[in-house]
file work-v1.cif (mmCIF, C-alpha atoms and all ligand atoms)
data_run
loop_
_atom_site.label_atom_id
_atom_site.label_comp_id
_atom_site.auth_asym_id
_atom_site.auth_seq_id
_atom_site.Cartn_x
_atom_site.Cartn_y
_atom_site.Cartn_z
CA MET A 1 -5.71 -27.18 32.59
CA THR A 2 -8.57 -29.27 31.20
CA PRO A 3 -10.59 -30.70 34.06
CA THR A 4 -9.55 -34.25 34.90
CA ARG A 5 -11.32 -34.73 38.23
CA PRO A 6 -14.07 -37.26 37.59
CA VAL A 7 -17.18 -35.14 38.08
CA TRP A 8 -19.01 -33.52 35.19
CA ALA A 9 -22.37 -32.54 33.71
CA GLU A 10 -23.54 -33.51 30.23
CA ILE A 11 -25.92 -31.14 28.47
CA SER A 12 -28.04 -32.74 25.76
CA ARG A 13 -28.29 -30.58 22.67
CA SER A 14 -31.09 -32.72 21.23
CA ALA A 15 -33.19 -32.56 24.43
CA LEU A 16 -32.83 -28.77 24.63
CA THR A 17 -33.76 -28.41 20.96
CA HIS A 18 -36.72 -30.79 21.42
CA ASN A 19 -38.02 -28.85 24.43
CA PHE A 20 -37.81 -25.47 22.69
CA ARG A 21 -39.59 -26.77 19.60
CA LEU A 22 -42.24 -28.49 21.69
CA LEU A 23 -42.97 -25.26 23.57
CA GLN A 24 -43.10 -23.25 20.34
CA ARG A 25 -45.54 -25.80 18.92
CA LEU A 26 -47.73 -25.68 22.03
CA ALA A 27 -47.76 -21.88 22.04
CA GLY A 28 -48.43 -21.56 18.31
CA PRO A 29 -46.56 -19.60 15.67
CA SER A 30 -48.03 -16.21 16.59
CA VAL A 31 -46.55 -16.29 20.10
CA GLU A 32 -43.00 -15.01 20.62
CA LEU A 33 -40.97 -17.17 23.01
CA LEU A 34 -38.36 -15.55 25.20
CA ALA A 35 -35.95 -18.29 26.27
CA VAL A 36 -34.92 -17.66 29.86
CA VAL A 37 -31.21 -18.44 30.20
CA LYS A 38 -30.52 -16.53 33.41
CA ALA A 39 -28.22 -17.94 36.11
CA ASN A 40 -25.94 -19.64 33.58
CA ALA A 41 -28.97 -21.20 31.86
CA TYR A 42 -30.28 -22.65 35.14
CA GLY A 43 -26.85 -24.14 35.75
CA HIS A 44 -26.63 -25.74 32.28
CA GLY A 45 -24.03 -23.37 30.80
CA LEU A 46 -25.05 -20.10 29.12
CA ALA A 47 -22.98 -20.05 25.94
CA ASP A 48 -23.71 -23.57 24.68
CA CYS A 49 -27.39 -23.44 25.64
CA ALA A 50 -27.97 -20.05 24.03
CA ASP A 51 -26.19 -21.18 20.89
CA THR A 52 -28.33 -24.34 20.74
CA LEU A 53 -31.55 -22.43 21.40
CA ALA A 54 -30.70 -19.86 18.74
CA SER A 55 -30.17 -22.71 16.25
CA ALA A 56 -33.56 -24.13 17.30
CA GLY A 57 -35.14 -20.79 16.41
CA ALA A 58 -35.03 -18.69 19.58
CA GLN A 59 -34.79 -14.98 18.82
CA TRP A 60 -35.38 -13.62 22.32
CA PHE A 61 -33.45 -14.44 25.47
CA GLY A 62 -33.95 -13.43 29.10
CA ILE A 63 -31.05 -13.05 31.51
CA THR A 64 -30.78 -11.62 35.02
CA CYS A 65 -28.33 -8.76 34.75
CA VAL A 66 -26.16 -6.70 32.45
CA GLU A 67 -23.13 -8.92 33.09
CA GLU A 68 -24.98 -12.00 31.90
CA GLY A 69 -26.27 -9.98 28.95
CA VAL A 70 -22.77 -9.00 27.85
CA ALA A 71 -21.68 -12.67 28.02
CA LEU A 72 -24.69 -13.68 25.95
CA ARG A 73 -24.16 -10.92 23.38
CA ALA A 74 -20.72 -12.38 22.64
CA VAL A 75 -22.40 -15.66 21.65
CA CYS A 76 -25.55 -14.34 19.97
CA PRO A 77 -24.74 -11.14 18.08
CA LYS A 78 -28.23 -10.85 16.57
CA ALA A 79 -30.50 -11.98 19.41
CA ARG A 80 -32.83 -9.74 21.39
CA ILE A 81 -31.73 -9.89 25.01
CA LEU A 82 -33.99 -8.81 27.87
CA VAL A 83 -32.39 -7.89 31.21
CA LEU A 84 -35.01 -9.15 33.64
CA SER A 85 -33.79 -7.34 36.75
CA SER A 86 -33.47 -3.91 35.07
CA VAL A 87 -30.50 -1.59 35.21
CA TRP A 88 -28.46 -0.76 38.31
CA HIS A 89 -26.29 2.30 38.89
CA GLY A 90 -23.45 2.57 36.42
CA GLU A 91 -24.82 -0.11 34.07
CA ALA A 92 -26.85 1.92 31.57
CA GLU A 93 -23.93 2.73 29.24
CA THR A 94 -22.87 -0.92 29.00
CA LEU A 95 -26.47 -1.97 28.51
CA LEU A 96 -26.87 0.33 25.51
CA GLU A 97 -23.45 -0.47 24.12
CA HIS A 98 -24.37 -4.17 23.94
CA ARG A 99 -27.91 -3.51 22.69
CA LEU A 100 -29.52 -5.13 25.72
CA THR A 101 -33.17 -4.39 26.41
CA PRO A 102 -34.04 -3.47 29.99
CA VAL A 103 -37.10 -4.30 31.99
CA ALA A 104 -37.94 -1.01 33.74
CA TRP A 105 -40.60 0.09 36.17
CA GLU A 106 -39.56 3.18 38.12
CA PRO A 107 -38.25 6.65 37.28
CA PRO A 108 -34.60 6.03 38.32
CA HIS A 109 -34.33 3.29 35.67
CA LEU A 110 -35.58 5.61 32.96
CA ILE A 111 -33.51 8.58 34.11
CA GLN A 112 -30.29 6.57 33.96
CA LEU A 113 -31.19 5.18 30.56
CA GLU A 114 -32.13 8.60 29.26
CA ILE A 115 -28.79 10.09 30.34
CA ALA A 116 -26.87 7.20 28.80
CA ALA A 117 -28.89 7.50 25.57
CA ARG A 118 -28.10 11.24 25.36
CA THR A 119 -24.40 10.55 26.04
CA ARG A 120 -24.38 8.09 23.16
CA GLY A 121 -26.19 10.59 20.96
CA LEU A 122 -29.17 8.30 20.37
CA SER A 123 -32.22 9.91 18.87
CA ALA A 124 -35.77 9.80 20.19
CA GLY A 125 -37.66 6.50 20.00
CA THR A 126 -34.64 4.20 19.71
CA VAL A 127 -34.28 2.43 23.08
CA PRO A 128 -36.81 -0.37 23.57
CA ILE A 129 -37.95 -1.09 27.11
CA HIS A 130 -40.30 -3.62 28.66
CA LEU A 131 -42.40 -1.92 31.32
CA GLU A 132 -43.09 -4.27 34.21
CA ILE A 133 -46.30 -4.01 36.22
CA ASP A 134 -46.59 -5.31 39.76
CA THR A 135 -49.85 -7.23 39.62
CA GLY A 136 -49.35 -9.06 42.91
CA MET A 137 -45.82 -10.44 43.12
CA SER A 138 -44.73 -7.37 45.14
CA ARG A 139 -41.18 -7.78 43.90
CA GLN A 140 -40.44 -5.84 40.74
CA GLY A 141 -42.81 -3.74 38.66
CA ALA A 142 -44.68 -0.46 38.91
CA GLN A 143 -47.53 -0.50 41.38
CA PRO A 144 -50.70 0.78 39.73
CA GLN A 145 -50.72 4.01 41.76
CA HIS A 146 -47.16 4.81 40.59
CA LEU A 147 -47.66 4.04 36.93
CA ALA A 148 -48.45 7.56 35.68
CA PRO A 149 -45.01 9.18 36.17
CA VAL A 150 -43.36 6.21 34.48
CA LEU A 151 -45.66 6.47 31.49
CA ASP A 152 -44.94 10.21 31.36
CA SER A 153 -41.27 9.49 30.63
CA LEU A 154 -42.08 7.10 27.78
CA GLY A 155 -43.94 9.48 25.53
CA PRO A 156 -42.93 11.02 22.18
CA GLY A 157 -39.60 12.82 22.31
CA SER A 158 -38.22 10.38 24.89
CA PRO A 159 -35.44 8.01 23.83
CA PHE A 160 -37.75 5.06 24.46
CA ILE A 161 -39.81 2.59 22.50
CA PHE A 162 -42.55 1.16 24.71
CA GLU A 163 -42.06 -2.35 23.36
CA ALA A 164 -43.84 -4.46 25.93
CA LEU A 165 -46.04 -4.35 28.94
CA MET A 166 -44.84 -7.13 31.21
CA THR A 167 -45.85 -8.88 34.39
CA HIS A 168 -45.02 -12.03 36.37
CA PHE A 169 -47.49 -14.48 37.91
CA HIS A 170 -46.84 -15.69 41.43
CA SER A 171 -49.13 -18.77 41.40
CA PRO A 172 -49.56 -19.75 37.77
CA GLU A 173 -51.21 -23.05 38.79
CA ASN A 174 -53.96 -21.20 40.61
CA GLU A 175 -56.59 -19.96 38.21
CA PRO A 176 -58.47 -17.48 40.45
CA LEU A 177 -55.22 -15.84 41.67
CA THR A 178 -53.88 -15.60 38.12
CA GLN A 179 -57.19 -14.20 36.93
CA CYS A 180 -56.87 -11.51 39.59
CA GLN A 181 -53.35 -10.60 38.40
CA THR A 182 -54.59 -10.57 34.81
CA SER A 183 -57.29 -8.03 35.69
CA ALA A 184 -54.69 -5.75 37.24
CA PHE A 185 -52.57 -6.18 34.11
CA ALA A 186 -55.52 -5.33 31.86
CA GLU A 187 -56.11 -2.24 33.98
CA ALA A 188 -52.50 -1.09 33.47
CA LEU A 189 -52.85 -1.70 29.74
CA ALA A 190 -56.00 0.46 29.71
CA VAL A 191 -54.20 3.26 31.58
CA SER A 192 -51.33 3.29 29.08
CA SER A 193 -53.69 3.12 26.09
CA GLY A 194 -55.61 6.02 27.63
CA ARG A 195 -52.41 8.05 27.28
CA GLY A 196 -51.93 6.99 23.70
CA LEU A 197 -49.13 4.57 24.57
CA HIS A 198 -49.51 1.15 22.94
CA PRO A 199 -47.00 -1.65 23.54
CA ARG A 200 -46.25 -4.12 20.78
CA TYR A 201 -46.15 -7.11 23.15
CA LEU A 202 -47.88 -8.34 26.26
CA ASN A 203 -45.03 -10.17 27.95
CA ALA A 204 -46.45 -12.46 30.65
CA GLY A 205 -46.30 -16.11 31.61
CA SER A 206 -43.49 -18.50 32.54
CA SER A 207 -43.20 -22.27 31.93
CA ALA A 208 -46.44 -22.94 33.79
CA ALA A 209 -48.36 -20.97 31.15
CA PHE A 210 -47.68 -23.66 28.54
CA PHE A 211 -49.73 -26.16 30.46
CA HIS A 212 -52.70 -23.80 30.76
CA LEU A 213 -52.81 -22.49 27.22
CA ALA A 214 -56.38 -23.68 26.70
CA ASN A 215 -57.76 -21.07 29.09
CA ASP A 216 -55.07 -18.46 28.99
CA PRO A 217 -56.50 -15.08 30.00
CA ILE A 218 -53.60 -13.09 28.51
CA ALA A 219 -54.39 -14.52 25.08
CA ASP A 220 -57.83 -12.86 25.18
CA LEU A 221 -56.33 -9.59 26.35
CA ALA A 222 -53.76 -9.67 23.54
CA LYS A 223 -56.49 -10.33 21.01
CA SER A 224 -58.81 -7.57 22.22
CA SER A 225 -55.98 -5.02 22.42
CA GLY A 226 -54.33 -5.96 19.12
CA THR A 227 -51.00 -6.72 20.81
CA HIS A 228 -48.69 -9.68 20.30
CA ARG A 229 -48.07 -12.26 22.93
CA MET A 230 -44.69 -13.05 24.48
CA LEU A 231 -44.12 -16.01 26.84
CA ARG A 232 -41.04 -16.58 28.96
CA PRO A 233 -40.26 -20.27 29.50
CA GLY A 234 -37.34 -21.12 31.76
CA ILE A 235 -37.45 -24.45 33.60
CA ALA A 236 -39.45 -26.16 30.83
CA LEU A 237 -36.60 -25.56 28.36
CA TYR A 238 -34.41 -27.67 30.61
CA GLY A 239 -36.95 -30.47 30.70
CA TYR A 240 -38.87 -29.90 33.91
CA ALA A 241 -42.50 -29.00 34.32
CA PRO A 242 -43.15 -26.52 37.10
CA ASN A 243 -45.80 -28.86 38.44
CA PRO A 244 -44.73 -32.49 38.96
CA GLU A 245 -48.20 -33.77 38.00
CA THR A 246 -48.02 -32.26 34.52
CA VAL A 247 -47.40 -34.90 31.88
CA SER A 248 -45.57 -32.98 29.26
CA GLY A 249 -43.20 -34.73 26.86
CA LEU A 250 -40.33 -32.57 28.05
CA GLN A 251 -36.88 -34.16 28.17
CA PRO A 252 -34.44 -33.41 31.01
CA VAL A 253 -31.38 -31.76 29.46
CA LEU A 254 -28.75 -32.18 32.17
CA SER A 255 -27.08 -35.35 33.43
CA TRP A 256 -24.68 -35.15 36.36
CA LYS A 257 -22.05 -37.85 36.69
CA THR A 258 -19.02 -38.92 38.64
CA ARG A 259 -17.00 -42.10 39.16
CA VAL A 260 -16.16 -44.55 41.90
CA VAL A 261 -12.64 -43.50 42.89
CA SER A 262 -12.01 -45.96 45.76
CA LEU A 263 -13.65 -48.98 47.43
CA ARG A 264 -13.44 -50.47 50.90
CA GLU A 265 -15.13 -53.04 53.08
CA ILE A 266 -16.03 -52.14 56.66
CA ALA A 267 -17.00 -54.42 59.52
CA PRO A 268 -20.34 -54.20 61.36
CA GLY A 269 -20.20 -51.41 63.95
CA THR A 270 -17.82 -49.24 61.87
CA THR A 271 -18.98 -45.67 61.31
CA VAL A 272 -18.83 -43.58 58.13
CA GLY A 273 -18.04 -39.89 57.68
CA TYR A 274 -18.20 -36.74 59.82
CA ASP A 275 -20.12 -37.00 63.07
CA ALA A 276 -20.26 -40.79 62.59
CA THR A 277 -23.92 -40.59 61.62
CA PHE A 278 -23.89 -43.91 59.74
CA THR A 279 -22.98 -47.19 61.45
CA ALA A 280 -22.61 -50.36 59.37
CA GLN A 281 -25.18 -52.94 60.50
CA ARG A 282 -23.52 -55.67 58.47
CA LYS A 283 -20.31 -56.21 56.55
CA THR A 284 -20.63 -53.26 54.18
CA ARG A 285 -18.98 -52.40 50.88
CA LEU A 286 -18.49 -48.66 50.43
CA ALA A 287 -17.73 -46.80 47.23
CA LEU A 288 -16.15 -43.37 47.42
CA LEU A 289 -17.44 -40.78 44.93
CA SER A 290 -15.47 -37.80 43.77
CA LEU A 291 -18.00 -35.08 44.60
CA GLY A 292 -19.47 -33.34 47.61
CA TYR A 293 -21.45 -30.33 48.69
CA ALA A 294 -18.90 -27.96 47.15
CA ASP A 295 -20.01 -29.40 43.81
CA GLY A 296 -23.62 -28.67 44.68
CA LEU A 297 -24.68 -32.05 46.06
CA SER A 298 -26.84 -30.85 48.94
CA ARG A 299 -25.65 -31.95 52.35
CA SER A 300 -29.32 -32.56 53.14
CA LEU A 301 -29.03 -35.73 51.04
CA SER A 302 -26.68 -37.24 53.65
CA SER A 303 -27.91 -40.81 54.44
CA ARG A 304 -31.05 -39.98 52.41
CA GLY A 305 -30.29 -39.68 48.74
CA SER A 306 -29.04 -42.33 46.38
CA VAL A 307 -27.10 -42.56 43.11
CA LEU A 308 -27.09 -45.01 40.22
CA ILE A 309 -24.22 -47.47 39.78
CA ARG A 310 -24.48 -50.39 37.35
CA GLY A 311 -28.13 -49.46 36.86
CA GLN A 312 -28.97 -49.88 40.56
CA ARG A 313 -29.60 -47.48 43.40
CA ALA A 314 -26.75 -47.06 45.87
CA PRO A 315 -27.80 -45.21 49.06
CA ILE A 316 -25.63 -42.38 50.35
CA ALA A 317 -23.99 -43.52 53.59
CA GLY A 318 -23.34 -40.86 56.24
CA ARG A 319 -22.61 -37.18 55.82
CA ILE A 320 -21.78 -35.74 52.43
CA SER A 321 -18.38 -34.00 52.76
CA MET A 322 -17.18 -30.95 50.86
CA ASP A 323 -15.44 -33.03 48.18
CA HIS A 324 -16.46 -36.63 48.89
CA THR A 325 -19.51 -38.82 49.25
CA SER A 326 -19.65 -42.46 50.34
CA VAL A 327 -22.32 -44.81 49.03
CA ASP A 328 -23.31 -48.30 50.14
CA VAL A 329 -22.77 -50.75 47.27
CA THR A 330 -23.05 -53.95 49.33
CA ASP A 331 -26.08 -55.06 47.31
CA ILE A 332 -24.68 -54.20 43.89
CA ALA A 333 -22.54 -56.94 42.40
CA GLY A 334 -19.21 -56.26 40.78
CA VAL A 335 -18.72 -52.53 41.49
CA GLU A 336 -15.24 -51.50 40.44
CA CYS A 337 -13.06 -48.45 40.76
CA GLY A 338 -13.75 -46.21 37.73
CA ASP A 339 -17.44 -47.21 37.40
CA GLU A 340 -19.60 -44.37 36.12
CA VAL A 341 -22.02 -43.01 38.73
CA VAL A 342 -25.18 -41.06 37.89
CA ILE A 343 -26.30 -38.36 40.33
CA ILE A 344 -28.93 -36.95 37.91
CA GLY A 345 -29.79 -38.79 34.71
CA GLN A 346 -30.37 -42.29 33.39
CA GLN A 347 -28.48 -45.54 33.60
CA ASN A 348 -29.70 -48.91 32.28
CA GLY A 349 -33.32 -47.76 32.26
CA GLN A 350 -33.21 -46.35 35.81
CA SER A 351 -33.39 -42.61 36.34
CA ILE A 352 -32.94 -39.94 38.98
CA THR A 353 -34.22 -36.47 38.12
CA ALA A 354 -33.58 -33.06 39.66
CA ALA A 355 -37.26 -33.20 40.67
CA ASP A 356 -36.66 -36.45 42.63
CA ILE A 357 -33.77 -34.83 44.51
CA ALA A 358 -35.79 -31.65 45.08
CA GLN A 359 -38.62 -33.64 46.59
CA GLN A 360 -36.25 -35.48 48.93
CA ILE A 361 -34.79 -32.29 50.37
CA GLY A 362 -37.88 -30.09 50.27
CA THR A 363 -36.99 -27.74 47.45
CA ILE A 364 -37.70 -27.24 43.74
CA PRO A 365 -35.77 -28.60 40.74
CA TYR A 366 -34.68 -25.03 39.91
CA GLU A 367 -32.57 -24.87 43.06
CA VAL A 368 -31.05 -28.31 42.53
CA LEU A 369 -29.99 -27.42 38.96
CA CYS A 370 -28.73 -23.91 39.77
CA GLY A 371 -26.89 -25.37 42.77
CA ILE A 372 -24.50 -27.47 40.67
CA SER A 373 -21.40 -25.43 41.28
CA ALA A 374 -19.07 -23.72 38.85
CA ARG A 375 -16.28 -26.24 39.40
CA VAL A 376 -18.36 -28.98 37.73
CA PRO A 377 -17.45 -28.76 34.03
CA ARG A 378 -20.41 -28.81 31.62
CA SER A 379 -20.07 -30.28 28.17
CA MET A 380 -22.52 -30.56 25.32
CA VAL A 381 -23.45 -34.03 24.07
CA GLU A 382 -25.88 -34.91 21.29
C1 LIG A 401 -37.15 -16.91 35.92
C2 LIG A 401 -38.22 -16.15 35.27
C3 LIG A 401 -39.04 -16.75 34.28
C4 LIG A 401 -38.97 -18.22 33.95
O1 LIG A 401 -39.70 -18.96 34.90
P1 LIG A 401 -39.84 -20.55 34.78
O2 LIG A 401 -40.75 -20.92 35.89
O3 LIG A 401 -38.46 -21.10 34.96
O4 LIG A 401 -40.40 -20.83 33.43
C5 LIG A 401 -39.94 -15.94 33.64
N1 LIG A 401 -40.06 -14.63 33.95
C6 LIG A 401 -39.32 -14.04 34.89
C7 LIG A 401 -39.51 -12.60 35.18
C8 LIG A 401 -38.38 -14.77 35.59
O5 LIG A 401 -37.65 -14.18 36.54
#

call {"tool": "encode", "arguments": {"input": "work-v1.cif", "output": "structure tokens"}}
result
Amino acid sequence: MTPTRPVWAEISRSALTHNFRLLQRLAGPSVELLAVVKANAYGHGLADCADTLASAGAQWFGITCVEEGVALRAVCPKARILVLSSVWHGEAETLLEHRLTPVAWEPPHLIQLEIAARTRGLSAGTVPIHLEIDTGMSRQGAQPQHLAPVLDSLGPGSPFIFEALMTHFHSPENEPLTQCQTSAFAEALAVSSGRGLHPRYLNAGSSAAFFHLANDPIADLAKSSGTHRMLRPGIALYGYAPNPETVSGLQPVLSWKTRVVSLREIAPGTTVGYDATFTAQRKTRLALLSLGYADGLSRSLSSRGSVLIRGQRAPIAGRISMDHTSVDVTDIAGVECGDEVVIIGQQNGQSITAADIAQQIGTIPYEVLCGISARVPRSMVE
């Protein structure tokens, strides 16, 4: 059944296209952009976003796992697709079948891939991999002291193409810390070159990198080593700068909306919602909204957040329930059942962003966007 419950997200094709083109312009034509569309495109909807980004010129995509890669392959038959979290047991065959490119950093990844490549009868030098180096994130990636055995399995005669040396920065806003990670990365590049192994790309830098391009240490390293540069923007594609102070020209892509489904007036002293945490101090007009924490509206916004109705801010009154939220519309004239309500987005020149919500509840816009649950239908708008 087509969704009829009044809660939905609108994904702006033009904003997504604008953001991708802006980032490509900032990076310059020689830099390859890998559009990160993991986690259902940060909650925006994988298929439509990937299709839009491909039309805007994206040739590389990053997703979390093989499952997401298979879903993306169905939409983008020609794209290069990088599986950021590598290959887990039993996934190598599927990965090769769908021409996904793994990030890899330890022998078990390469052993599985090698077996699957043999099974498929692939010849030497046909399976591209991106070799991740742990330069300080301590999450994924080969630690420098464990790099040698991994490089040993990449040499001539192996099924692999050493396509990229990759790393991830933990504090991209912090120049000295990033410089330190860059040195470790340069060291790993020197070790691989010393063994006659030369990647085509240096794959490093997330959205934050675009706002530090003027003094980007990886650019120098790419130049001196004759490699190409690959950057991996995620959050910036969806219109958010990783750092709230950055003025950027990015356009938020997602709007999240619902409707007023019921109205009531309560007398002073009446309480609202579970645990009766809100007590009306005056005669209060309440609007009931058709969404709750099961839709991804954080319960931490209870009696704290607000929404837009008729271009004005209506404060959330009391606890957010699983499927319902009450807002105080006493000060907004003429609210009617069926009025459109903006949770994230713009209305009559007013706006609420995922960054505003994140700040209110002590998190980052990434979590707010990814938290919009699967039962909220997403649709593309211009
Ligand atoms: C998620 C992710 C990115 C994108 O990061 P943003 O801050 O959203 O730009 C880049 N690289 C890796 C490895 C990631 O996991």

call {"tool": "residues_around", "arguments": {"input": "work-v1.cif", "residues": "Ile344 of chain A", "least_positions_apart": "3", "cutoff": "9 Å", "atoms": "all atoms listed in the file", "output": "JSON, numbers by chain"}}
result
{"A": [9, 254, 255, 256, 257, 307, 308, 351, 352, 353, 354, 357]}

call {"tool": "atom_distance", "arguments": {"input": "work-v1.cif", "atom1": "atom C2 of ligand LIG 401 (chain A)", "atom2": "atom CA of Ala35 of chain A"}}
result
9.5 Å

call {"tool": "residues_near_ligand", "arguments": {"input": "work-v1.cif", "ligand": "ligand LIG 401 (chain A)", "cutoff": "7 Å", "atoms": "all atoms listed in the file", "output": "list in words"}}
result
Val36, Leu84, His168, Gly205, Ser206, Ser207, Ala208, Arg232, Pro233, Gly234, Ile235, Ala236 and Pro242 of chain A

call {"tool": "residues_around", "arguments": {"input": "work-v1.cif", "residues": "Leu291 of chain A", "least_positions_apart": "4", "cutoff": "8 Å", "atoms": "only C-alpha atoms", "output": "list of chain:residue names"}}
result
A:Val7, A:Thr258, A:Asp295, A:Leu297, A:Met322, A:Asp323, A:His324, A:Thr325

call {"tool": "residues_around", "arguments": {"input": "work-v1.cif", "residues": "segment 61-74 of chain A", "least_positions_apart": "6", "cutoff": "12 Å", "atoms": "only C-alpha atoms", "output": "PyMOL selection string"}}
result
chain A and resi 32-42+45-51+53-54+80-103+130+203+206+230-234+237

call {"tool": "atom_distance", "arguments": {"input": "work-v1.cif", "atom1": "atom CA of Pro199 of chain A", "atom2": "atom CA of Glu163 of chain A"}}
result
5.0 Å

call {"tool": "atom_distance", "arguments": {"input": "work-v1.cif", "atom1": "atom CA of Phe211 of chain A", "atom2": "atom CA of Ser192 of chain A"}}
result
29.5 Å

call {"tool": "closest_residue", "arguments": {"input": "work-v1.cif", "among": "A:Tyr240, A:Met1, A:Ser14, A:Lys78", "to": "Thr52 of chain A", "atoms": "only C-alpha atoms"}}
result
A:Ser14

call {"tool": "residues_near_point", "arguments": {"input": "work-v1.cif", "point": "(-25.5, -50.7, 36.4)", "cutoff": "10 Å", "atoms": "only C-alpha atoms", "output": "mmCIF file with C-alpha atoms, in the frame of the given file"}}
result
data_model
loop_
_atom_site.group_PDB
_atom_site.id
_atom_site.type_symbol
_atom_site.label_atom_id
_atom_site.label_comp_id
_atom_site.auth_asym_id
_atom_site.auth_seq_id
_atom_site.Cartn_x
_atom_site.Cartn_y
_atom_site.Cartn_z
ATOM 1 C CA LEU A 308 -27.090 -45.010 40.220
ATOM 2 C CA ILE A 309 -24.220 -47.470 39.780
ATOM 3 C CA ARG A 310 -24.480 -50.390 37.350
ATOM 4 C CA GLY A 311 -28.130 -49.460 36.860
ATOM 5 C CA GLN A 312 -28.970 -49.880 40.560
ATOM 6 C CA ARG A 313 -29.600 -47.480 43.400
ATOM 7 C CA ILE A 332 -24.680 -54.200 43.890
ATOM 8 C CA ALA A 333 -22.540 -56.940 42.400
ATOM 9 C CA GLY A 334 -19.210 -56.260 40.780
ATOM 10 C CA VAL A 335 -18.720 -52.530 41.490
ATOM 11 C CA ASP A 339 -17.440 -47.210 37.400
ATOM 12 C CA GLU A 340 -19.600 -44.370 36.120
ATOM 13 C CA VAL A 341 -22.020 -43.010 38.730
ATOM 14 C CA VAL A 342 -25.180 -41.060 37.890
ATOM 15 C CA GLN A 347 -28.480 -45.540 33.600
ATOM 16 C CA ASN A 348 -29.700 -48.910 32.280
ATOM 17 C CA GLY A 349 -33.320 -47.760 32.260
ATOM 18 C CA GLN A 350 -33.210 -46.350 35.810
#

call {"tool": "residues_around", "arguments": {"input": "work-v1.cif", "residues": "Ile161 of chain A", "least_positions_apart": "6", "cutoff": "8 Å", "atoms": "all atoms listed in the file", "output": "JSON, numbers by chain"}}
result
{"A": [125, 126, 127, 128, 129, 154]}

call {"tool": "write_last_selection", "arguments": {"input": "work-v1.cif", "atoms": "C-alpha atoms", "output": "tab-separated table (two decimals), in the coordinates of the input"}}
result
chain	number	residue	atom	x	y	z
A	125	GLY	CA	-37.66	6.50	20.00
A	126	THR	CA	-34.64	4.20	19.71
A	127	VAL	CA	-34.28	2.43	23.08
A	128	PRO	CA	-36.81	-0.37	23.57
A	129	ILE	CA	-37.95	-1.09	27.11
A	154	LEU	CA	-42.08	7.10	27.78

call {"tool": "closest_residue", "arguments": {"input": "work-v1.cif", "among": "A:Ile11, A:Ala142, A:Ala164, A:Leu286", "to": "Arg378 of chain A", "atoms": "all atoms listed in the file"}}
result
A:Ile11

call {"tool": "axis_aligned_box", "arguments": {"input": "work-v1.cif", "around": "segment 9-22 of chain A", "padding_each_side": "6 Å", "output": "JSON"}}
result
{"center_x": -32.3, "center_y": -29.5, "center_z": 26.7, "size_x": 31.9, "size_y": 20.0, "size_z": 26.1}

call {"tool": "closest_residue", "arguments": {"input": "work-v1.cif", "among": "A:Gln251, A:Gln281, A:Ser153, A:Ser55", "to": "Thr330 of chain A", "atoms": "all atoms listed in the file"}}
result
A:Gln281

call {"tool": "closest_residue", "arguments": {"input": "work-v1.cif", "among": "A:Val31, A:Val260, A:Leu131, A:Ala355", "to": "Asp328 of chain A", "atoms": "only C-alpha atoms"}}
result
A:Val260

call {"tool": "closest_residue", "arguments": {"input": "work-v1.cif", "among": "A:Tyr238, A:Ala58, A:Phe162, A:Ala27", "to": "Tyr366 of chain A", "atoms": "only C-alpha atoms"}}
result
A:Tyr238
